[in-house]
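> File query_8.pdb follows (PDB, C-alpha atoms, pLDDT in the B column):
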```
ATOM      1  CA  MET E   1       2.424 -37.543  53.904  1.00 45.00           C
ATOM      2  CA  ASN E   2       6.142 -37.056  53.933  1.00 44.00           C
ATOM      3  CA  SER E   3       7.370 -35.891  57.307  1.00 44.00           C
ATOM      4  CA  GLY E   4      10.654 -34.742  55.805  1.00 46.00           C
ATOM      5  CA  LYS E   5      12.753 -36.958  58.064  1.00 54.00           C
ATOM      6  CA  ASN E   6      14.285 -38.770  55.094  1.00 53.00           C
ATOM      7  CA  GLU E   7      15.119 -35.621  53.179  1.00 49.00           C
ATOM      8  CA  VAL E   8      18.734 -34.601  53.062  1.00 46.00           C
ATOM      9  CA  ARG E   9      19.393 -30.999  52.262  1.00 46.00           C
ATOM     10  CA  LEU E  10      22.893 -30.273  51.110  1.00 49.00           C
ATOM     11  CA  ARG E  11      24.005 -26.789  51.966  1.00 54.00           C
ATOM     12  CA  PRO E  12      27.479 -25.341  51.919  1.00 50.00           C
ATOM     13  CA  SER E  13      29.236 -25.617  55.243  1.00 59.00           C
ATOM     14  CA  VAL E  14      31.368 -22.576  54.533  1.00 66.00           C
ATOM     15  CA  LEU E  15      30.243 -18.977  54.702  1.00 79.00           C
ATOM     16  CA  LEU E  16      31.579 -17.326  51.581  1.00 87.00           C
ATOM     17  CA  SER E  17      33.154 -13.899  51.750  1.00 89.00           C
ATOM     18  CA  PRO E  18      35.406 -12.023  49.336  1.00 91.00           C
ATOM     19  CA  ALA E  19      38.358 -13.238  51.431  1.00 91.00           C
ATOM     20  CA  SER E  20      37.304 -16.855  50.758  1.00 90.00           C
ATOM     21  CA  LEU E  21      38.191 -16.420  47.104  1.00 93.00           C
ATOM     22  CA  HIS E  22      41.771 -15.386  47.912  1.00 92.00           C
ATOM     23  CA  VAL E  23      42.811 -19.030  47.859  1.00 93.00           C
ATOM     24  CA  MET E  24      42.830 -18.507  44.088  1.00 96.00           C
ATOM     25  CA  PRO E  25      44.917 -16.069  41.995  1.00 95.00           C
ATOM     26  CA  SER E  26      43.429 -12.640  41.304  1.00 93.00           C
ATOM     27  CA  SER E  27      43.307 -13.465  37.569  1.00 95.00           C
ATOM     28  CA  TRP E  28      41.059 -16.463  38.371  1.00 97.00           C
ATOM     29  CA  ILE E  29      38.805 -14.265  40.532  1.00 96.00           C
ATOM     30  CA  ALA E  30      38.578 -11.713  37.701  1.00 96.00           C
ATOM     31  CA  GLN E  31      37.555 -14.491  35.281  1.00 97.00           C
ATOM     32  CA  LEU E  32      34.980 -15.729  37.794  1.00 97.00           C
ATOM     33  CA  HIS E  33      33.610 -12.201  38.113  1.00 97.00           C
ATOM     34  CA  GLN E  34      33.382 -11.715  34.339  1.00 97.00           C
ATOM     35  CA  SER E  35      31.752 -15.116  33.807  1.00 97.00           C
ATOM     36  CA  ALA E  36      29.196 -14.449  36.543  1.00 97.00           C
ATOM     37  CA  MET E  37      28.424 -11.023  35.041  1.00 97.00           C
ATOM     38  CA  GLN E  38      27.732 -12.782  31.730  1.00 97.00           C
ATOM     39  CA  LEU E  39      25.647 -15.491  33.467  1.00 97.00           C
ATOM     40  CA  ASP E  40      27.961 -18.052  31.847  1.00 97.00           C
ATOM     41  CA  ASP E  41      27.325 -21.090  34.025  1.00 97.00           C
ATOM     42  CA  LYS E  42      29.551 -23.370  31.921  1.00 97.00           C
ATOM     43  CA  GLN E  43      32.548 -21.073  32.358  1.00 98.00           C
ATOM     44  CA  VAL E  44      31.826 -20.597  36.071  1.00 98.00           C
ATOM     45  CA  PHE E  45      31.674 -24.388  36.538  1.00 98.00           C
ATOM     46  CA  SER E  46      34.946 -24.691  34.613  1.00 98.00           C
ATOM     47  CA  LEU E  47      36.581 -22.165  36.937  1.00 98.00           C
ATOM     48  CA  ILE E  48      35.156 -23.895  40.021  1.00 97.00           C
ATOM     49  CA  ALA E  49      36.725 -27.138  38.788  1.00 98.00           C
ATOM     50  CA  ALA E  50      40.147 -25.454  39.082  1.00 97.00           C
ATOM     51  CA  ILE E  51      39.758 -24.935  42.846  1.00 97.00           C
ATOM     52  CA  PRO E  52      42.183 -27.270  44.661  1.00 96.00           C
ATOM     53  CA  PRO E  53      40.671 -30.202  46.583  1.00 94.00           C
ATOM     54  CA  GLU E  54      41.782 -28.763  49.929  1.00 94.00           C
ATOM     55  CA  HIS E  55      39.333 -25.906  49.296  1.00 94.00           C
ATOM     56  CA  ALA E  56      36.429 -28.158  48.295  1.00 93.00           C
ATOM     57  CA  ALA E  57      34.033 -26.354  50.660  1.00 91.00           C
ATOM     58  CA  ILE E  58      34.470 -23.158  48.624  1.00 93.00           C
ATOM     59  CA  ALA E  59      33.853 -25.071  45.394  1.00 95.00           C
ATOM     60  CA  ILE E  60      30.711 -26.635  46.856  1.00 93.00           C
ATOM     61  CA  ALA E  61      29.408 -23.269  48.048  1.00 93.00           C
ATOM     62  CA  LEU E  62      30.047 -21.630  44.653  1.00 95.00           C
ATOM     63  CA  THR E  63      28.429 -24.578  42.866  1.00 95.00           C
ATOM     64  CA  ASP E  64      25.389 -24.147  45.090  1.00 93.00           C
ATOM     65  CA  LEU E  65      25.155 -20.475  44.089  1.00 94.00           C
ATOM     66  CA  VAL E  66      25.344 -21.348  40.384  1.00 96.00           C
ATOM     67  CA  ASN E  67      22.730 -24.087  40.764  1.00 95.00           C
ATOM     68  CA  ARG E  68      20.422 -21.584  42.462  1.00 93.00           C
ATOM     69  CA  VAL E  69      21.162 -19.029  39.695  1.00 93.00           C
ATOM     70  CA  ARG E  70      22.623 -16.574  42.190  1.00 94.00           C
ATOM     71  CA  PHE E  71      25.250 -15.094  39.891  1.00 95.00           C
ATOM     72  CA  ASP E  72      24.604 -11.775  41.656  1.00 95.00           C
ATOM     73  CA  LYS E  73      26.143 -13.193  44.827  1.00 94.00           C
ATOM     74  CA  ILE E  74      29.209 -14.417  42.909  1.00 95.00           C
ATOM     75  CA  VAL E  75      29.577 -10.960  41.338  1.00 95.00           C
ATOM     76  CA  ASN E  76      29.363  -9.366  44.801  1.00 93.00           C
ATOM     77  CA  LEU E  77      31.957 -11.775  46.216  1.00 92.00           C
ATOM     78  CA  SER E  78      34.433 -11.140  43.412  1.00 94.00           C
ATOM     79  CA  GLN E  79      33.837  -7.384  43.063  1.00 92.00           C
ATOM     80  CA  PRO E  80      36.376  -6.246  45.715  1.00 88.00           C
ATOM     81  CA  VAL E  81      39.191  -8.086  43.941  1.00 80.00           C
ATOM     82  CA  VAL E  82      38.252  -6.719  40.524  1.00 81.00           C
ATOM     83  CA  GLN E  83      38.127  -3.154  41.858  1.00 79.00           C
ATOM     84  CA  THR E  84      41.673  -3.229  43.230  1.00 66.00           C
TER      85      THR E  84
END
```
As structure tokens, please, write out the structure in this file.


Amino acid sequence: MNSGKNEVRLRPSVLLSPASLHVMPSSWIAQLHQSAMQLDDKQVFSLIAAIPPEHAAIAIALTDLVNRVRFDKIVNLSQPVVQT
């Protein structure tokens, strides 16, 4: 039986909010929103790749959402920017 002691679970260390995305231009956030609405994981990953290294925690958290097919959460995060 595996006790789970050797399992490493990677989880984002940053709590994402709409404000988290403001490290990127509003045009990038709009593209992220549109890509998430279309469930276009390739385009979302391409956009995530454009996040500067100093904001790697945001990139990791977004990547986690895509890997878990939680495009709905990405849409919700980007919605406030798209509405303005």

> Quick one: everything within 12 Å of E:Val82, counting only C-alpha atoms, minus sequence neighbours fewer than 6 positions away in the same chain. Send it as a ChimeraX atom specification.

/E:18,21-22,25-34,75-76

> Point out the residue among E:Leu62, E:Val69, E:Val81, E:Leu16 with the least atom-to-atom distance to E:Leu47, counting all atoms listed in the file.

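The shortest atom-to-atom distance to E:Leu47 comes from E:Leu62.
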
> May I have the residues within 12 Å of E:Ala59 as a PDB file with C-alpha atoms, keeping the file's coordinate frame, using only C-alpha atoms and disregarding those fewer than 3 positions away in the same chain?


```pdb
ATOM      1  CA  ARG E  11      24.005 -26.789  51.966  1.00 54.00           C
ATOM      2  CA  PRO E  12      27.479 -25.341  51.919  1.00 50.00           C
ATOM      3  CA  SER E  13      29.236 -25.617  55.243  1.00 59.00           C
ATOM      4  CA  VAL E  14      31.368 -22.576  54.533  1.00 66.00           C
ATOM      5  CA  LEU E  15      30.243 -18.977  54.702  1.00 79.00           C
ATOM      6  CA  LEU E  16      31.579 -17.326  51.581  1.00 87.00           C
ATOM      7  CA  SER E  20      37.304 -16.855  50.758  1.00 90.00           C
ATOM      8  CA  LEU E  21      38.191 -16.420  47.104  1.00 93.00           C
ATOM      9  CA  VAL E  23      42.811 -19.030  47.859  1.00 93.00           C
ATOM     10  CA  MET E  24      42.830 -18.507  44.088  1.00 96.00           C
ATOM     11  CA  VAL E  44      31.826 -20.597  36.071  1.00 98.00           C
ATOM     12  CA  PHE E  45      31.674 -24.388  36.538  1.00 98.00           C
ATOM     13  CA  SER E  46      34.946 -24.691  34.613  1.00 98.00           C
ATOM     14  CA  LEU E  47      36.581 -22.165  36.937  1.00 98.00           C
ATOM     15  CA  ILE E  48      35.156 -23.895  40.021  1.00 97.00           C
ATOM     16  CA  ALA E  49      36.725 -27.138  38.788  1.00 98.00           C
ATOM     17  CA  ALA E  50      40.147 -25.454  39.082  1.00 97.00           C
ATOM     18  CA  ILE E  51      39.758 -24.935  42.846  1.00 97.00           C
ATOM     19  CA  PRO E  52      42.183 -27.270  44.661  1.00 96.00           C
ATOM     20  CA  PRO E  53      40.671 -30.202  46.583  1.00 94.00           C
ATOM     21  CA  GLU E  54      41.782 -28.763  49.929  1.00 94.00           C
ATOM     22  CA  HIS E  55      39.333 -25.906  49.296  1.00 94.00           C
ATOM     23  CA  ALA E  56      36.429 -28.158  48.295  1.00 93.00           C
ATOM     24  CA  LEU E  62      30.047 -21.630  44.653  1.00 95.00           C
ATOM     25  CA  THR E  63      28.429 -24.578  42.866  1.00 95.00           C
ATOM     26  CA  ASP E  64      25.389 -24.147  45.090  1.00 93.00           C
ATOM     27  CA  LEU E  65      25.155 -20.475  44.089  1.00 94.00           C
ATOM     28  CA  VAL E  66      25.344 -21.348  40.384  1.00 96.00           C
ATOM     29  CA  ILE E  74      29.209 -14.417  42.909  1.00 95.00           C
TER      30      ILE E  74
END
```

> Atom CA of E:Arg68 and atom CA of E:Gln83 are how many Å apart?

25.6 Å

> Measure the distance from atom CA of E:Ile60 to atom CA of E:Met37 in Å and round it to one decimal.

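Interatomic distance here is 19.7 Å.
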
> How many Å separate atom CA of E:Asp40 from atom CA of E:Ser78?

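Atom CA of E:Ser78 lies at a distance of 14.9 Å from atom CA of E:Asp40.
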
> For E:Asp41, which of E:Arg70, E:Pro80, E:Ser17, E:Ile58 is the closest residue, counting all atoms listed in the file?

E:Arg70

> Please rebuild stretch 16-47 of chain E with N, CA and C atoms and give the result as a CSV table (one decimal), in the coordinates of the input.


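Final output, out29.csv:
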```csv
chain,number,residue,atom,x,y,z
E,16,LEU,N,30.7,-18.0,52.6
E,16,LEU,CA,31.6,-17.3,51.6
E,16,LEU,C,31.7,-15.8,51.9
E,17,SER,N,32.9,-15.3,51.7
E,17,SER,CA,33.2,-13.9,51.8
E,17,SER,C,34.2,-13.6,50.7
E,18,PRO,N,34.4,-12.3,50.3
E,18,PRO,CA,35.4,-12.0,49.3
E,18,PRO,C,36.8,-12.6,49.7
E,19,ALA,N,37.1,-12.7,51.0
E,19,ALA,CA,38.4,-13.2,51.4
E,19,ALA,C,38.4,-14.7,51.1
E,20,SER,N,37.3,-15.4,51.1
E,20,SER,CA,37.3,-16.9,50.8
E,20,SER,C,37.9,-17.1,49.4
E,21,LEU,N,37.7,-16.2,48.5
E,21,LEU,CA,38.2,-16.4,47.1
E,21,LEU,C,39.7,-16.2,47.0
E,22,HIS,N,40.3,-15.7,48.0
E,22,HIS,CA,41.8,-15.4,47.9
E,22,HIS,C,42.6,-16.6,47.9
E,23,VAL,N,42.0,-17.8,48.0
E,23,VAL,CA,42.8,-19.0,47.9
E,23,VAL,C,43.2,-19.2,46.4
E,24,MET,N,42.6,-18.4,45.5
E,24,MET,CA,42.8,-18.5,44.1
E,24,MET,C,43.5,-17.2,43.6
E,25,PRO,N,44.2,-17.3,42.5
E,25,PRO,CA,44.9,-16.1,42.0
E,25,PRO,C,43.9,-15.0,41.6
E,26,SER,N,44.3,-13.7,41.7
E,26,SER,CA,43.4,-12.6,41.3
E,26,SER,C,42.9,-12.7,39.9
E,27,SER,N,43.8,-13.3,39.0
E,27,SER,CA,43.3,-13.5,37.6
E,27,SER,C,42.1,-14.4,37.5
E,28,TRP,N,42.2,-15.5,38.3
E,28,TRP,CA,41.1,-16.5,38.4
E,28,TRP,C,39.8,-15.8,38.9
E,29,ILE,N,40.0,-15.0,40.0
E,29,ILE,CA,38.8,-14.3,40.5
E,29,ILE,C,38.2,-13.3,39.5
E,30,ALA,N,39.1,-12.6,38.7
E,30,ALA,CA,38.6,-11.7,37.7
E,30,ALA,C,37.8,-12.5,36.6
E,31,GLN,N,38.3,-13.7,36.3
E,31,GLN,CA,37.6,-14.5,35.3
E,31,GLN,C,36.2,-15.0,35.9
E,32,LEU,N,36.2,-15.3,37.1
E,32,LEU,CA,35.0,-15.7,37.8
E,32,LEU,C,34.0,-14.6,37.8
E,33,HIS,N,34.5,-13.4,38.1
E,33,HIS,CA,33.6,-12.2,38.1
E,33,HIS,C,33.0,-12.0,36.7
E,34,GLN,N,33.8,-12.0,35.7
E,34,GLN,CA,33.4,-11.7,34.3
E,34,GLN,C,32.4,-12.8,33.9
E,35,SER,N,32.7,-14.0,34.2
E,35,SER,CA,31.8,-15.1,33.8
E,35,SER,C,30.4,-15.0,34.5
E,36,ALA,N,30.4,-14.6,35.8
E,36,ALA,CA,29.2,-14.4,36.5
E,36,ALA,C,28.4,-13.3,36.0
E,37,MET,N,29.1,-12.2,35.6
E,37,MET,CA,28.4,-11.0,35.0
E,37,MET,C,27.7,-11.4,33.7
E,38,GLN,N,28.3,-12.3,33.0
E,38,GLN,CA,27.7,-12.8,31.7
E,38,GLN,C,26.8,-13.9,31.9
E,39,LEU,N,26.5,-14.4,33.2
E,39,LEU,CA,25.6,-15.5,33.5
E,39,LEU,C,26.1,-16.8,32.7
E,40,ASP,N,27.4,-16.9,32.6
E,40,ASP,CA,28.0,-18.1,31.8
E,40,ASP,C,28.2,-19.2,32.8
E,41,ASP,N,27.2,-20.0,33.0
E,41,ASP,CA,27.3,-21.1,34.0
E,41,ASP,C,28.4,-22.1,33.6
E,42,LYS,N,28.5,-22.4,32.3
E,42,LYS,CA,29.6,-23.4,31.9
E,42,LYS,C,30.9,-22.9,32.3
E,43,GLN,N,31.2,-21.6,32.0
E,43,GLN,CA,32.5,-21.1,32.4
E,43,GLN,C,32.8,-21.0,33.9
E,44,VAL,N,31.7,-20.6,34.6
E,44,VAL,CA,31.8,-20.6,36.1
E,44,VAL,C,32.1,-22.0,36.6
E,45,PHE,N,31.4,-23.0,36.1
E,45,PHE,CA,31.7,-24.4,36.5
E,45,PHE,C,33.1,-24.8,36.2
E,46,SER,N,33.6,-24.4,35.0
E,46,SER,CA,34.9,-24.7,34.6
E,46,SER,C,36.0,-24.1,35.6
E,47,LEU,N,35.7,-22.8,36.0
E,47,LEU,CA,36.6,-22.2,36.9
E,47,LEU,C,36.5,-22.8,38.3
```
